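Okay, so here's the structure we're looking at.
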Amino acid sequence: MALLALLVGVTDARADAPRVFGIGFGFSGGYVGASLPGGRILETERLDSAVYPLPVPDLWISVPVRPRLTLGLWLPLGEIIFANALSVQPLVAWGAIEAQVYLLAPQRGLFLAPGIGVRRYGHTVTFDPTGGPNVVNTLVEPELALRVGYEWARAHGHVGIAVAVRPSVGVVVETALPRRVGIGGGVLAELSFHVFVLRRSR
């Protein structure tokens, strides 16, 4: 990673201007999955189980509120596309709001980013063979996550490169009755590139 930082001219020098807004693009790979208990028997129904052998694209939107604290919106666009292709249950939306805290220095270095997110799976229709009404079901999974990583930044803080690991755990809830509850989660490894607008001193 030190070589990667040198290639783009990134250092760990102290920033001399606060960040105002940032946007980032990155890649992540790993495992995410979710399951529900079966109907009358205790078998597991896999909703979404995907291992990403190649990195897939992500999007970040960042709003720094303190030199050591940044609020961010994470949208794993690639994970949504791959999950739809590899799983039996369509994944139509996934995102998280995070609070990224820099532990060693403002706007760079080691960070922790706890977050709250939600995954929403597509509609499924269960047909009643007895002629009763069909059941339309939607699955929602609130999740808790914690990104742990390190960010390299230019001396003025315009550009940052971050590597991180993102474990998560969630609770899957059906909207249709009888409402089943299951578990979900996973671990992703991430590499991201961020560009920031700085507040200039007068």
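FYI, nothing fancy with the structure tokens labels: chains A, B, ... in order, residues from 1 per chain, ligands from 1 as they appear.
Shell of segment 114-122 of chain A at 7 Å, with only C-alpha atoms counted and residues fewer than 2 places along the chain excluded, is Gln89, Pro90, Leu91, Val92, Ala93, Trp94, Gly95, Ala96, Ile97, Glu98, Ala99, Gln100, Leu112, Thr124, Thr138, Leu139, Val140, Glu141, Pro142, Glu143, Leu144, Ala145, Leu146 and Arg147 of chain A.
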Selection above as a file: C-alpha atoms, as a PDB file, in the first residue's frame:
ATOM      1  CA  GLN A  89     -33.655 -13.381  -4.142  1.00  0.00           C
ATOM      2  CA  PRO A  90     -33.293 -10.026  -5.966  1.00  0.00           C
ATOM      3  CA  LEU A  91     -31.484  -7.337  -3.965  1.00  0.00           C
ATOM      4  CA  VAL A  92     -32.969  -4.027  -5.061  1.00  0.00           C
ATOM      5  CA  ALA A  93     -31.373  -1.574  -2.630  1.00  0.00           C
ATOM      6  CA  TRP A  94     -28.507  -1.396  -0.153  1.00  0.00           C
ATOM      7  CA  GLY A  95     -26.859   1.530   1.571  1.00  0.00           C
ATOM      8  CA  ALA A  96     -25.516   2.757   4.887  1.00  0.00           C
ATOM      9  CA  ILE A  97     -24.872   5.965   6.800  1.00  0.00           C
ATOM     10  CA  GLU A  98     -21.532   5.991   8.617  1.00  0.00           C
ATOM     11  CA  ALA A  99     -19.661   8.168  11.118  1.00  0.00           C
ATOM     12  CA  GLN A 100     -15.962   7.923  10.305  1.00  0.00           C
ATOM     13  CA  LEU A 112     -13.215   3.533  12.688  1.00  0.00           C
ATOM     14  CA  THR A 124     -41.713 -12.554  -4.181  1.00  0.00           C
ATOM     15  CA  THR A 138     -40.878  -8.157   0.649  1.00  0.00           C
ATOM     16  CA  LEU A 139     -37.783  -8.706   2.766  1.00  0.00           C
ATOM     17  CA  VAL A 140     -35.986  -5.921   4.631  1.00  0.00           C
ATOM     18  CA  GLU A 141     -32.696  -6.246   6.494  1.00  0.00           C
ATOM     19  CA  PRO A 142     -31.545  -3.462   8.846  1.00  0.00           C
ATOM     20  CA  GLU A 143     -27.850  -3.914   9.587  1.00  0.00           C
ATOM     21  CA  LEU A 144     -25.050  -2.673  11.819  1.00  0.00           C
ATOM     22  CA  ALA A 145     -21.563  -2.360  10.355  1.00  0.00           C
ATOM     23  CA  LEU A 146     -18.095  -1.249  11.399  1.00  0.00           C
ATOM     24  CA  ARG A 147     -15.456  -0.200   8.870  1.00  0.00           C
TER      25      ARG A 147
END
So how far away is atom CA of Ile161 of chain A from atom CA of Asp58 of chain A, in Å? 13.8 Å
Shell of 9 Å around Thr70 of chain A, only C-alpha atoms, local chain residues under 6 positions omitted, as an MDAnalysis selection string: chainID A and resid 62:64 98:102 107 113
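Note that the spacing between atom CA of His156 of chain A and atom CA of Phe27 of chain A amounts to 24.4 Å.
Put simply, atom CA of Pro76 of chain A is 21.7 Å away from atom CA of Trp152 of chain A.
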Using only C-alpha atoms, can you tell me which of A:Leu104, A:Val195, A:Ala176, A:Val171 comes closest to His158 of chain A? A:Val195
Segment 197-200 of chain A environment, 7 Å, only C-alpha atoms, sequence neighbours closer than 5 positions dropped, as a PDB file with all heavy atoms, in the first residue's frame:
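Okay, this is what ended up in result_21.pdb:
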ATOM      1  N   ALA A  17      -6.034  22.686   5.452  1.00  0.00           N
ATOM      2  CA  ALA A  17      -7.343  23.248   5.135  1.00  0.00           C
ATOM      3  C   ALA A  17      -8.405  22.200   5.434  1.00  0.00           C
ATOM      4  O   ALA A  17      -8.250  21.040   5.071  1.00  0.00           O
ATOM      5  CB  ALA A  17      -7.416  23.661   3.667  1.00  0.00           C
ATOM      6  N   PRO A  18      -9.489  22.597   6.106  1.00  0.00           N
ATOM      7  CA  PRO A  18     -10.545  21.621   6.430  1.00  0.00           C
ATOM      8  C   PRO A  18     -11.325  21.204   5.193  1.00  0.00           C
ATOM      9  O   PRO A  18     -11.537  21.990   4.275  1.00  0.00           O
ATOM     10  CB  PRO A  18     -11.427  22.382   7.427  1.00  0.00           C
ATOM     11  CG  PRO A  18     -11.192  23.816   7.118  1.00  0.00           C
ATOM     12  CD  PRO A  18      -9.769  23.927   6.664  1.00  0.00           C
ATOM     13  N   ARG A  19     -11.770  19.960   5.200  1.00  0.00           N
ATOM     14  CA  ARG A  19     -12.597  19.442   4.117  1.00  0.00           C
ATOM     15  C   ARG A  19     -14.035  19.899   4.287  1.00  0.00           C
ATOM     16  O   ARG A  19     -14.541  19.997   5.392  1.00  0.00           O
ATOM     17  CB  ARG A  19     -12.533  17.927   4.100  1.00  0.00           C
ATOM     18  CG  ARG A  19     -11.157  17.369   3.774  1.00  0.00           C
ATOM     19  CD  ARG A  19     -11.087  15.879   4.016  1.00  0.00           C
ATOM     20  NE  ARG A  19      -9.834  15.296   3.548  1.00  0.00           N
ATOM     21  CZ  ARG A  19      -9.495  14.038   3.741  1.00  0.00           C
ATOM     22  NH1 ARG A  19     -10.315  13.220   4.388  1.00  0.00           N
ATOM     23  NH2 ARG A  19      -8.340  13.590   3.283  1.00  0.00           N
ATOM     24  N   VAL A  20     -14.700  20.135   3.145  1.00  0.00           N
ATOM     25  CA  VAL A  20     -16.088  20.580   3.161  1.00  0.00           C
ATOM     26  C   VAL A  20     -17.020  19.493   2.622  1.00  0.00           C
ATOM     27  O   VAL A  20     -18.086  19.239   3.184  1.00  0.00           O
ATOM     28  CB  VAL A  20     -16.250  21.866   2.329  1.00  0.00           C
ATOM     29  CG1 VAL A  20     -17.721  22.300   2.289  1.00  0.00           C
ATOM     30  CG2 VAL A  20     -15.384  22.970   2.893  1.00  0.00           C
ATOM     31  N   PHE A  21     -16.600  18.846   1.553  1.00  0.00           N
ATOM     32  CA  PHE A  21     -17.444  17.851   0.893  1.00  0.00           C
ATOM     33  C   PHE A  21     -16.538  16.907   0.120  1.00  0.00           C
ATOM     34  O   PHE A  21     -15.479  17.300  -0.369  1.00  0.00           O
ATOM     35  CB  PHE A  21     -18.439  18.522  -0.054  1.00  0.00           C
ATOM     36  CG  PHE A  21     -19.290  17.563  -0.847  1.00  0.00           C
ATOM     37  CD1 PHE A  21     -20.411  16.980  -0.269  1.00  0.00           C
ATOM     38  CD2 PHE A  21     -18.961  17.226  -2.159  1.00  0.00           C
ATOM     39  CE1 PHE A  21     -21.197  16.084  -0.992  1.00  0.00           C
ATOM     40  CE2 PHE A  21     -19.736  16.348  -2.882  1.00  0.00           C
ATOM     41  CZ  PHE A  21     -20.859  15.772  -2.291  1.00  0.00           C
ATOM     42  N   GLY A  22     -16.952  15.655   0.019  1.00  0.00           N
ATOM     43  CA  GLY A  22     -16.146  14.701  -0.719  1.00  0.00           C
ATOM     44  C   GLY A  22     -16.987  13.668  -1.436  1.00  0.00           C
ATOM     45  O   GLY A  22     -18.118  13.367  -1.038  1.00  0.00           O
ATOM     46  N   HIS A 158      -6.739  17.205  -0.494  1.00  0.00           N
ATOM     47  CA  HIS A 158      -7.642  17.138  -1.639  1.00  0.00           C
ATOM     48  C   HIS A 158      -8.014  15.699  -1.989  1.00  0.00           C
ATOM     49  O   HIS A 158      -9.141  15.432  -2.392  1.00  0.00           O
ATOM     50  CB  HIS A 158      -6.996  17.794  -2.866  1.00  0.00           C
ATOM     51  CG  HIS A 158      -6.955  19.272  -2.807  1.00  0.00           C
ATOM     52  ND1 HIS A 158      -8.073  20.063  -2.985  1.00  0.00           N
ATOM     53  CD2 HIS A 158      -5.928  20.126  -2.587  1.00  0.00           C
ATOM     54  CE1 HIS A 158      -7.740  21.340  -2.891  1.00  0.00           C
ATOM     55  NE2 HIS A 158      -6.443  21.409  -2.651  1.00  0.00           N
TER      56      HIS A 158
END
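Using only C-alpha atoms for every distance, the candidate list A:Gly149, A:Gly24, A:Gly157, A:Gly33 yields A:Gly157 as the residue closest to Pro67 of chain A.
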